[in-house]
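Undergrad: So that you have it, the file is model_23.tsv, and it contains TSV, C-alpha atoms:
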```tsv
chain	number	residue	atom	x	y	z
I	720	MET	CA	-2.44	10.17	81.84
I	721	GLU	CA	-1.59	8.90	78.43
I	722	THR	CA	-1.64	11.22	75.47
I	723	LYS	CA	-2.25	9.96	72.00
I	724	ILE	CA	-0.14	11.39	69.28
I	725	GLU	CA	-1.94	11.50	66.00
I	726	THR	CA	0.22	10.86	62.99
I	727	SER	CA	-1.04	11.98	59.64
I	728	LYS	CA	-0.50	9.71	56.73
I	729	PRO	CA	1.60	11.17	53.93
I	730	LYS	CA	-0.50	12.34	51.06
I	731	ARG	CA	-0.07	10.38	47.92
I	732	ARG	CA	1.23	12.53	45.13
I	733	ARG	CA	-1.15	12.67	42.23
I	734	VAL	CA	0.05	12.42	38.69
I	735	PRO	CA	-0.10	15.91	37.14
I	736	VAL	CA	-3.06	16.38	34.85
I	737	PRO	CA	-0.91	17.32	31.81
I	738	LEU	CA	1.02	14.07	32.26
I	739	GLN	CA	-2.23	12.10	32.49
I	740	VAL	CA	-3.43	13.70	29.25
I	741	ALA	CA	-0.09	12.97	27.54
I	742	ILE	CA	-0.15	9.32	28.64
I	743	ILE	CA	-3.71	8.81	27.35
I	744	TRP	CA	-2.95	10.57	24.05
I	745	ILE	CA	0.24	8.57	23.43
I	746	GLY	CA	-1.49	5.32	24.47
I	747	VAL	CA	-4.33	5.88	22.00
I	748	TYR	CA	-1.85	6.66	19.22
I	749	LEU	CA	0.26	3.57	19.87
I	750	PHE	CA	-2.86	1.39	19.98
I	751	LEU	CA	-4.10	2.72	16.63
I	752	LYS	CA	-0.66	2.53	15.04
I	753	PHE	CA	0.62	-0.87	16.14
I	754	PHE	CA	-2.19	-2.99	17.61
I	755	ILE	CA	-4.92	-2.82	14.97
I	756	ARG	CA	-4.73	-5.26	12.06
I	757	PRO	CA	-4.92	-4.65	9.20
I	758	PRO	CA	-3.04	-1.36	9.73
I	759	LEU	CA	-5.10	1.81	9.54
I	760	PRO	CA	-4.25	4.44	6.92
I	761	SER	CA	-2.51	7.56	8.23
I	762	SER	CA	-5.49	9.75	7.32
I	763	LEU	CA	-7.78	7.64	9.53
I	764	ILE	CA	-5.28	7.71	12.41
I	765	PHE	CA	-5.11	11.51	12.08
I	766	MET	CA	-8.91	11.71	12.26
I	767	TYR	CA	-9.05	9.50	15.36
I	768	MET	CA	-6.26	11.43	17.08
I	769	THR	CA	-8.05	14.71	16.36
I	770	MET	CA	-11.19	13.33	18.00
I	771	THR	CA	-9.10	12.11	20.94
I	772	SER	CA	-7.52	15.56	21.36
I	773	ILE	CA	-10.95	17.22	21.32
I	774	GLY	CA	-12.26	14.72	23.88
I	775	LEU	CA	-9.29	15.29	26.20
I	776	GLY	CA	-9.73	19.05	25.83
I	777	VAL	CA	-13.36	18.76	26.90
I	778	TYR	CA	-12.36	16.48	29.79
I	779	VAL	CA	-9.82	18.89	31.32
I	780	SER	CA	-12.03	21.98	30.85
I	781	ILE	CA	-15.35	20.68	32.14
I	782	TYR	CA	-14.51	21.63	35.78
I	783	GLU	CA	-12.64	24.72	36.91
I	784	ASP	CA	-10.36	22.86	39.35
I	785	MET	CA	-9.53	20.32	36.64
I	786	LEU	CA	-8.66	23.10	34.21
I	787	GLN	CA	-6.48	24.83	36.76
I	788	GLY	CA	-4.78	21.52	37.55
I	789	PHE	CA	-4.01	21.17	33.86
I	790	LEU	CA	-2.76	24.72	33.33
I	791	ARG	CA	-0.85	25.26	36.62
I	792	PRO	CA	2.05	22.84	35.88
I	793	ILE	CA	2.42	24.28	32.39
I	794	VAL	CA	2.50	27.87	33.69
I	795	ASP	CA	4.93	26.92	36.46
I	796	PHE	CA	7.22	25.28	33.91
I	797	LEU	CA	7.17	28.33	31.66
I	798	ARG	CA	7.70	30.79	34.53
I	799	GLY	CA	10.28	28.69	36.31
I	800	ASP	CA	10.82	27.88	39.97
I	801	PRO	CA	13.17	30.35	41.74
I	802	LEU	CA	14.54	27.52	43.91
I	803	ARG	CA	15.41	25.44	40.85
I	804	ALA	CA	16.15	28.17	38.35
I	805	TRP	CA	18.89	26.34	36.46
I	806	THR	CA	16.83	23.13	36.22
I	807	TRP	CA	13.78	24.88	34.79
I	808	ARG	CA	15.92	26.98	32.47
I	809	ALA	CA	17.68	23.88	31.10
I	810	SER	CA	14.34	22.09	30.63
I	811	ARG	CA	12.88	25.03	28.75
I	812	TRP	CA	15.90	25.20	26.45
I	813	VAL	CA	15.63	21.48	25.72
I	814	LEU	CA	11.95	21.94	24.83
I	815	LEU	CA	12.68	25.08	22.82
I	816	VAL	CA	15.28	23.23	20.73
I	817	THR	CA	13.51	19.86	20.46
I	818	ILE	CA	10.19	21.09	19.03
I	819	PRO	CA	11.65	23.11	16.10
I	820	VAL	CA	14.11	20.30	15.32
I	821	PHE	CA	11.30	17.71	15.29
I	822	VAL	CA	9.05	19.88	13.11
I	823	GLY	CA	11.92	20.77	10.78
I	824	TYR	CA	12.96	17.13	10.39
I	825	GLY	CA	9.39	16.12	9.51
I	826	PHE	CA	9.15	18.91	6.95
I	827	TYR	CA	12.52	17.94	5.47
I	828	GLN	CA	11.38	14.32	5.10
I	829	ARG	CA	8.42	15.53	3.04
I	830	VAL	CA	10.31	17.83	0.66
I	831	ALA	CA	13.70	16.10	0.40
I	832	PRO	CA	14.41	14.51	-3.01
I	833	ARG	CA	14.09	10.73	-3.02
I	834	THR	CA	16.72	8.35	-4.31
I	835	GLU	CA	14.17	5.64	-5.08
I	836	PRO	CA	13.14	5.34	-8.72
I	837	PRO	CA	9.67	6.70	-9.52
I	838	ILE	CA	6.76	4.32	-9.67
I	839	GLY	CA	6.29	3.14	-13.21
I	840	SER	CA	2.78	3.65	-14.53
I	841	ARG	CA	1.78	1.71	-17.59
I	842	VAL	CA	-1.34	0.50	-19.36
I	843	ILE	CA	-1.73	-3.21	-18.70
I	844	HIS	CA	-3.79	-3.86	-21.84
I	845	PRO	CA	-2.91	-1.13	-24.35
I	846	ALA	CA	-5.05	-0.75	-27.45
I	847	PRO	CA	-3.85	-2.86	-30.39
I	848	PRO	CA	-3.04	-1.28	-33.75
I	849	ARG	CA	-5.99	-0.80	-36.09
I	850	GLU	CA	-4.96	-3.62	-38.40
I	851	PHE	CA	-5.28	-6.11	-35.53
I	852	ALA	CA	-8.45	-4.79	-33.88
I	853	GLN	CA	-10.99	-6.32	-36.26
I	854	LEU	CA	-9.25	-9.65	-36.90
I	855	VAL	CA	-11.30	-12.84	-36.54
I	856	ASN	CA	-9.87	-16.30	-35.95
I	857	PRO	CA	-10.01	-17.96	-39.41
I	858	VAL	CA	-9.12	-21.44	-38.06
I	859	PRO	CA	-12.12	-23.78	-37.59
I	860	HIS	CA	-12.81	-24.77	-34.02
I	861	THR	CA	-12.23	-28.53	-34.40
I	862	LYS	CA	-10.83	-31.18	-32.11
I	863	MET	CA	-7.80	-31.63	-34.38
I	864	ASN	CA	-6.97	-27.92	-34.33
I	865	LEU	CA	-7.34	-27.91	-30.54
I	866	LEU	CA	-4.89	-30.81	-30.25
I	867	ILE	CA	-2.42	-29.04	-32.54
I	868	GLY	CA	-2.83	-25.85	-30.49
I	869	LYS	CA	-2.24	-27.78	-27.28
I	870	GLY	CA	0.94	-29.30	-28.67
I	871	LEU	CA	2.23	-25.92	-29.83
I	872	TYR	CA	1.33	-24.34	-26.48
I	873	THR	CA	3.19	-27.11	-24.63
I	874	ALA	CA	6.27	-26.62	-26.79
I	875	TYR	CA	6.44	-22.82	-26.88
I	876	CYS	CA	4.33	-21.39	-24.04
I	877	SER	CA	4.14	-23.86	-21.13
I	878	PRO	CA	7.72	-23.25	-19.86
I	879	CYS	CA	6.54	-19.81	-18.73
I	880	HIS	CA	2.73	-19.96	-18.56
I	881	GLY	CA	2.59	-23.51	-17.16
I	882	LYS	CA	1.10	-26.71	-18.45
I	883	ASP	CA	-2.12	-25.86	-16.59
I	884	LEU	CA	-2.17	-22.30	-18.03
I	885	ASP	CA	-1.82	-20.89	-14.51
I	886	GLY	CA	1.39	-18.91	-15.02
I	887	LYS	CA	3.46	-21.37	-12.99
I	888	GLY	CA	5.79	-22.84	-15.58
I	889	ILE	CA	9.25	-24.15	-14.78
I	890	ALA	CA	10.78	-20.83	-15.91
I	891	ALA	CA	8.17	-18.56	-14.28
I	892	ARG	CA	10.24	-17.84	-11.18
I	893	GLY	CA	12.89	-16.15	-13.27
I	894	PHE	CA	10.62	-13.34	-14.45
I	895	ASN	CA	9.35	-10.19	-12.77
I	896	PRO	CA	6.48	-9.60	-13.31
I	897	PRO	CA	5.54	-13.27	-13.56
I	898	PRO	CA	3.92	-14.72	-16.69
I	899	ALA	CA	0.20	-14.22	-17.11
I	900	ASN	CA	-2.19	-16.66	-15.47
I	901	PHE	CA	-4.72	-17.52	-18.17
I	902	VAL	CA	-7.03	-19.28	-15.70
I	903	ASP	CA	-7.54	-16.01	-13.82
I	904	VAL	CA	-10.64	-14.08	-14.88
I	905	GLY	CA	-8.62	-10.88	-15.12
I	906	THR	CA	-6.47	-11.93	-18.09
I	907	ILE	CA	-7.63	-13.50	-21.36
I	908	ALA	CA	-11.22	-13.75	-20.13
I	909	GLN	CA	-11.38	-9.97	-20.60
I	910	LEU	CA	-9.82	-9.98	-24.07
I	911	GLN	CA	-10.64	-10.77	-27.66
I	912	GLU	CA	-8.88	-13.34	-29.80
I	913	SER	CA	-7.54	-10.56	-32.03
I	914	TYR	CA	-5.85	-8.93	-29.04
I	915	LEU	CA	-4.08	-12.17	-28.11
I	916	PHE	CA	-3.02	-12.63	-31.73
I	917	TRP	CA	-1.41	-9.17	-31.67
I	918	ARG	CA	0.34	-9.72	-28.32
I	919	ILE	CA	1.66	-13.17	-29.23
I	920	SER	CA	2.77	-12.09	-32.69
I	921	ASN	CA	4.59	-8.91	-31.61
I	922	GLY	CA	5.62	-9.78	-28.06
I	923	GLY	CA	6.95	-7.21	-25.60
I	924	VAL	CA	8.92	-5.30	-28.22
I	925	GLY	CA	5.68	-4.57	-30.08
I	926	LEU	CA	4.01	-2.74	-27.21
I	927	PRO	CA	3.08	0.90	-27.92
I	928	SER	CA	4.38	3.82	-25.89
I	929	GLU	CA	1.51	3.66	-23.38
I	930	GLY	CA	2.57	0.10	-22.53
I	931	GLU	CA	6.06	1.20	-21.48
I	932	PRO	CA	8.04	0.27	-19.52
I	933	TRP	CA	8.09	-3.13	-21.22
I	934	ASN	CA	7.86	-5.22	-18.07
I	935	THR	CA	7.50	-8.43	-20.01
I	936	ALA	CA	9.75	-11.17	-21.32
I	937	MET	CA	7.28	-12.12	-24.05
I	938	PRO	CA	9.25	-12.74	-27.27
I	939	ARG	CA	8.06	-11.95	-30.76
I	940	TRP	CA	6.59	-15.23	-31.98
I	941	ASP	CA	5.57	-14.31	-35.53
I	942	THR	CA	9.15	-14.93	-36.62
I	943	ARG	CA	8.99	-18.55	-35.41
I	944	ILE	CA	5.31	-19.57	-35.51
I	945	SER	CA	2.99	-19.16	-38.48
I	946	SER	CA	-0.16	-17.06	-38.15
I	947	GLU	CA	-2.36	-20.14	-38.51
I	948	ASN	CA	-0.58	-21.90	-35.64
I	949	ILE	CA	-0.80	-18.79	-33.45
I	950	TRP	CA	-4.56	-18.85	-33.93
I	951	LYS	CA	-4.57	-22.52	-32.91
I	952	ILE	CA	-2.60	-21.73	-29.75
I	953	ILE	CA	-5.12	-18.99	-28.89
I	954	MET	CA	-7.96	-21.43	-29.47
I	955	TYR	CA	-6.43	-23.86	-26.98
I	956	GLU	CA	-5.67	-21.15	-24.41
I	957	PHE	CA	-9.33	-20.21	-24.22
I	958	GLU	CA	-10.51	-23.82	-24.29
I	959	GLY	CA	-7.97	-25.01	-21.70
I	960	SER	CA	-8.60	-22.10	-19.31
I	961	GLY	CA	-12.38	-22.50	-19.50
I	962	HIS	CA	-13.01	-19.01	-20.87
I	963	VAL	CA	-14.86	-17.76	-23.92
I	964	PRO	CA	-13.27	-15.01	-26.01
I	965	ARG	CA	-14.99	-11.64	-25.90
I	966	THR	CA	-16.59	-10.39	-29.10
I	967	TRP	CA	-17.85	-7.04	-30.33
I	968	ASP	CA	-21.47	-8.16	-30.24
```
Once you've parsed the file, please lay out its structure as structure tokens.

TA:
Amino acid sequence: METKIETSKPKRRRVPVPLQVAIIWIGVYLFLKFFIRPPLPSSLIFMYMTMTSIGLGVYVSIYEDMLQGFLRPIVDFLRGDPLRAWTWRASRWVLLVTIPVFVGYGFYQRVAPRTEPPIGSRVIHPAPPREFAQLVNPVPHTKMNLLIGKGLYTAYCSPCHGKDLDGKGIAARGFNPPPANFVDVGTIAQLQESYLFWRISNGGVGLPSEGEPWNTAMPRWDTRISSENIWKIIMYEFEGSGHVPRTWD
């Protein structure tokens, strides 16, 4: 009579619940940090990770057996296994040292003095002196004056600001910040002719204290160009860039 011997299949070891939670949490963080473009700000990542932590907490506590499966490995690790006392003790010491070192290093990175220079804050368009604020271009807007202004601009201004008034002159690459792009709506289109007369006449050295640091290579042109010709250059800059000077009214 034949007897059948039943062989039980070995049970597959399940991944501990705390390890499952850790893998999901780390996976979500890495996805938010490195796989989303454009990059998310740290405040938004913190908000998403807080929501993820709350969701994982609800997941492991919704059933009693799930909660016990989450807590049991943690309690066993903290209590230690008598058969592997030295292994558990060494693991606990590694954890006990690693966490304070990690937290302390992060705190040190926040409070440690920086060697980088502070960010320079300056007013891009500081207010002109009172004697310049109410000036009006006295040069008639004629074709001849525009041609003269274009010639003067080409001779004195185009090496930096470009022949097309786009800030891409042959010498533009040598300056940081680059020369102003007059075609852009954020430059002379926002200014009055009197302001340009002040800036061209006095250059970077004539900027007030709120305009410091003087991140400009603009020279002082009133020592080389007459006031009348400066007005003609301004006339051409507005005409050539397609903008209309702003006025008080």

Undergrad: Would you please work out which residue, of I:Ile952, I:Trp917, I:Ile764, I:Arg756, is nearest to I:Pro845 when using only C-alpha atoms?

TA: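 The answer is I:Trp917, which sits nearest to I:Pro845.
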
Undergrad: Could you make a table, as a tab-separated table, of the residues of stretch 883-962 of chain I that have an atom within 12 Å of an atom of stretch 865-879 of chain I, each with its nearest atom pair and distance in Å to one decimal, counting all atoms listed in the file, in chain and number order?

TA:
```
residue	atom	partner	partner_atom	distance
I:Asp883	CA	I:Ser877	CA	8.0
I:Leu884	CA	I:Ser877	CA	7.2
I:Asp885	CA	I:Ser877	CA	9.4
I:Gly886	CA	I:Cys879	CA	6.4
I:Lys887	CA	I:Cys879	CA	6.7
I:Gly888	CA	I:Cys879	CA	4.4
I:Ile889	CA	I:Pro878	CA	5.4
I:Ala890	CA	I:Cys879	CA	5.2
I:Ala891	CA	I:Cys879	CA	4.9
I:Arg892	CA	I:Cys879	CA	8.6
I:Gly893	CA	I:Cys879	CA	9.1
I:Phe894	CA	I:Cys879	CA	8.8
I:Asn895	CA	I:Cys879	CA	11.7
I:Pro896	CA	I:Cys879	CA	11.6
I:Pro897	CA	I:Cys879	CA	8.4
I:Pro898	CA	I:Cys879	CA	6.1
I:Ala899	CA	I:Cys879	CA	8.6
I:Asn900	CA	I:Cys879	CA	9.8
I:Phe901	CA	I:Ser877	CA	11.3
I:Ile919	CA	I:Cys876	CA	10.1
I:Thr935	CA	I:Cys879	CA	11.5
I:Ala936	CA	I:Cys879	CA	9.6
I:Met937	CA	I:Cys879	CA	9.4
I:Pro938	CA	I:Cys876	CA	10.5
I:Arg939	CA	I:Tyr875	CA	11.7
I:Trp940	CA	I:Tyr875	CA	9.1
I:Arg943	CA	I:Tyr875	CA	9.9
I:Ile944	CA	I:Leu871	CA	9.1
I:Ser945	CA	I:Leu871	CA	11.0
I:Ser946	CA	I:Gly868	CA	12.0
I:Glu947	CA	I:Gly868	CA	9.9
I:Asn948	CA	I:Gly868	CA	6.9
I:Ile949	CA	I:Gly868	CA	7.9
I:Trp950	CA	I:Gly868	CA	8.0
I:Lys951	CA	I:Gly868	CA	4.5
I:Ile952	CA	I:Gly868	CA	4.2
I:Ile953	CA	I:Gly868	CA	7.4
I:Met954	CA	I:Leu865	CA	6.6
I:Tyr955	CA	I:Gly868	CA	5.4
I:Glu956	CA	I:Tyr872	CA	8.0
I:Phe957	CA	I:Leu865	CA	10.2
I:Glu958	CA	I:Leu865	CA	8.1
I:Gly959	CA	I:Lys869	CA	8.5
I:Ser960	CA	I:Lys869	CA	11.7
```

Undergrad: Have a look at I:Thr906, I:Asn864, I:Asp941, I:Tyr778 and name the one nearest to I:Val740; count all atoms listed in the file.

TA: I:Tyr778

Undergrad: One decimal, Å: what's the distance from atom CA of I:Val816 over to atom CA of I:Val830, could you say?

TA: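 The value is 21.4 Å.
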
Undergrad: Using Å and a single decimal, report how far atom CA of I:Pro737 sits from atom CA of I:Glu783.

TA: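 Calculated distance between atom CA of I:Glu783 and atom CA of I:Pro737 is 14.8 Å.
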
Undergrad: For the atom pair atom CA of I:Met766 and atom CA of I:Val747, what is the interatomic distance in Å to one decimal place?

TA: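 Going from atom CA of I:Met766 over to atom CA of I:Val747, I get 12.2 Å.
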
Undergrad: In terms of the shortest atom-to-atom distance over only C-alpha atoms, which of I:Gly774, I:His962, I:Arg918, I:Val858 is closest to I:Asp903?

TA: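 So, comparing all the options, the nearest one is I:His962.
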
Undergrad: Measuring between all atoms listed in the file, which one of I:Tyr914, I:Leu790, I:Ile818, I:Gly776 shows the shortest distance to I:Leu854?

TA: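 Residue with the minimum atom-to-atom distance to I:Leu854: I:Tyr914.
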
Undergrad: Of the candidates I:Gln787, I:Ser913, I:Thr942, I:Asn921, which shows the shortest atom-to-atom distance to I:Pro735, using all atoms listed in the file?

TA: I:Gln787

Undergrad: Compare I:Ala908, I:Leu815, I:Leu749, I:Leu797 by their minimum atom-to-atom distance to I:Gly961, counting all atoms listed in the file, and give me the closest one.

TA: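 Ranked by minimum distance to I:Gly961, first place goes to I:Ala908.
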
Undergrad: Where atoms are missing, can you supply all heavy atoms for stretch 893-904 of chain I and output the lot as a CSV table (one decimal), keeping the file's coordinate frame?

TA:
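Everything below was put into out.csv:
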```csv
chain,number,residue,atom,x,y,z
I,893,GLY,N,11.8,-17.0,-12.8
I,893,GLY,CA,12.9,-16.2,-13.3
I,893,GLY,C,12.4,-14.8,-13.8
I,893,GLY,O,13.3,-14.0,-14.3
I,894,PHE,N,11.1,-14.6,-13.8
I,894,PHE,CA,10.6,-13.3,-14.4
I,894,PHE,C,9.9,-12.5,-13.4
I,894,PHE,O,9.2,-13.0,-12.6
I,894,PHE,CB,9.7,-13.7,-15.6
I,894,PHE,CG,10.3,-14.5,-16.7
I,894,PHE,CD1,10.0,-15.8,-16.9
I,894,PHE,CD2,11.2,-13.9,-17.6
I,894,PHE,CE1,10.6,-16.5,-17.9
I,894,PHE,CE2,11.8,-14.6,-18.6
I,894,PHE,CZ,11.5,-15.9,-18.8
I,895,ASN,N,10.1,-11.2,-13.6
I,895,ASN,CA,9.4,-10.2,-12.8
I,895,ASN,C,8.9,-9.0,-13.7
I,895,ASN,O,9.7,-8.3,-14.2
I,895,ASN,CB,10.2,-9.7,-11.7
I,895,ASN,CG,9.5,-8.7,-10.7
I,895,ASN,OD1,8.3,-8.7,-10.6
I,895,ASN,ND2,10.3,-7.8,-10.1
I,896,PRO,N,7.6,-8.9,-13.9
I,896,PRO,CA,6.5,-9.6,-13.3
I,896,PRO,C,6.4,-11.0,-13.8
I,896,PRO,O,6.9,-11.3,-14.9
I,896,PRO,CB,5.3,-8.8,-13.7
I,896,PRO,CG,5.7,-8.1,-15.0
I,896,PRO,CD,7.2,-7.8,-14.8
I,897,PRO,N,5.7,-11.9,-13.1
I,897,PRO,CA,5.5,-13.3,-13.6
I,897,PRO,C,4.7,-13.4,-14.8
I,897,PRO,O,3.9,-12.5,-15.1
I,897,PRO,CB,4.9,-14.0,-12.3
I,897,PRO,CG,4.1,-12.9,-11.7
I,897,PRO,CD,5.0,-11.6,-11.8
I,898,PRO,N,4.8,-14.5,-15.5
I,898,PRO,CA,3.9,-14.7,-16.7
I,898,PRO,C,2.4,-14.7,-16.3
I,898,PRO,O,2.0,-15.0,-15.2
I,898,PRO,CB,4.4,-16.1,-17.2
I,898,PRO,CG,5.7,-16.3,-16.6
I,898,PRO,CD,5.7,-15.6,-15.3
I,899,ALA,N,1.6,-14.4,-17.3
I,899,ALA,CA,0.2,-14.2,-17.1
I,899,ALA,C,-0.4,-15.6,-16.8
I,899,ALA,O,0.0,-16.6,-17.3
I,899,ALA,CB,-0.5,-13.6,-18.3
I,900,ASN,N,-1.4,-15.5,-15.9
I,900,ASN,CA,-2.2,-16.7,-15.5
I,900,ASN,C,-3.5,-16.6,-16.3
I,900,ASN,O,-4.4,-15.9,-16.0
I,900,ASN,CB,-2.5,-16.6,-14.0
I,900,ASN,CG,-3.4,-17.7,-13.5
I,900,ASN,OD1,-3.7,-18.6,-14.3
I,900,ASN,ND2,-3.8,-17.6,-12.3
I,901,PHE,N,-3.6,-17.5,-17.3
I,901,PHE,CA,-4.7,-17.5,-18.2
I,901,PHE,C,-6.0,-18.0,-17.5
I,901,PHE,O,-7.1,-17.8,-18.0
I,901,PHE,CB,-4.4,-18.4,-19.4
I,901,PHE,CG,-3.3,-17.8,-20.2
I,901,PHE,CD1,-2.4,-18.7,-20.9
I,901,PHE,CD2,-3.1,-16.5,-20.4
I,901,PHE,CE1,-1.3,-18.2,-21.6
I,901,PHE,CE2,-2.1,-16.0,-21.2
I,901,PHE,CZ,-1.2,-16.8,-21.8
I,902,VAL,N,-5.9,-18.8,-16.4
I,902,VAL,CA,-7.0,-19.3,-15.7
I,902,VAL,C,-7.7,-18.1,-15.0
I,902,VAL,O,-8.9,-18.2,-14.8
I,902,VAL,CB,-6.6,-20.4,-14.7
I,902,VAL,CG1,-7.8,-21.0,-14.0
I,902,VAL,CG2,-5.9,-21.5,-15.5
I,903,ASP,N,-7.0,-17.1,-14.6
I,903,ASP,CA,-7.5,-16.0,-13.8
I,903,ASP,C,-8.5,-15.2,-14.7
I,903,ASP,O,-8.3,-15.0,-15.9
I,903,ASP,CB,-6.4,-15.1,-13.3
I,903,ASP,CG,-6.9,-14.0,-12.4
I,903,ASP,OD1,-7.4,-13.0,-12.9
I,903,ASP,OD2,-6.9,-14.2,-11.2
I,904,VAL,N,-9.6,-14.8,-14.1
I,904,VAL,CA,-10.6,-14.1,-14.9
I,904,VAL,C,-10.2,-12.7,-15.3
I,904,VAL,O,-10.9,-12.0,-16.1
I,904,VAL,CB,-12.0,-14.0,-14.1
I,904,VAL,CG1,-12.5,-15.4,-13.9
I,904,VAL,CG2,-11.7,-13.3,-12.7
```
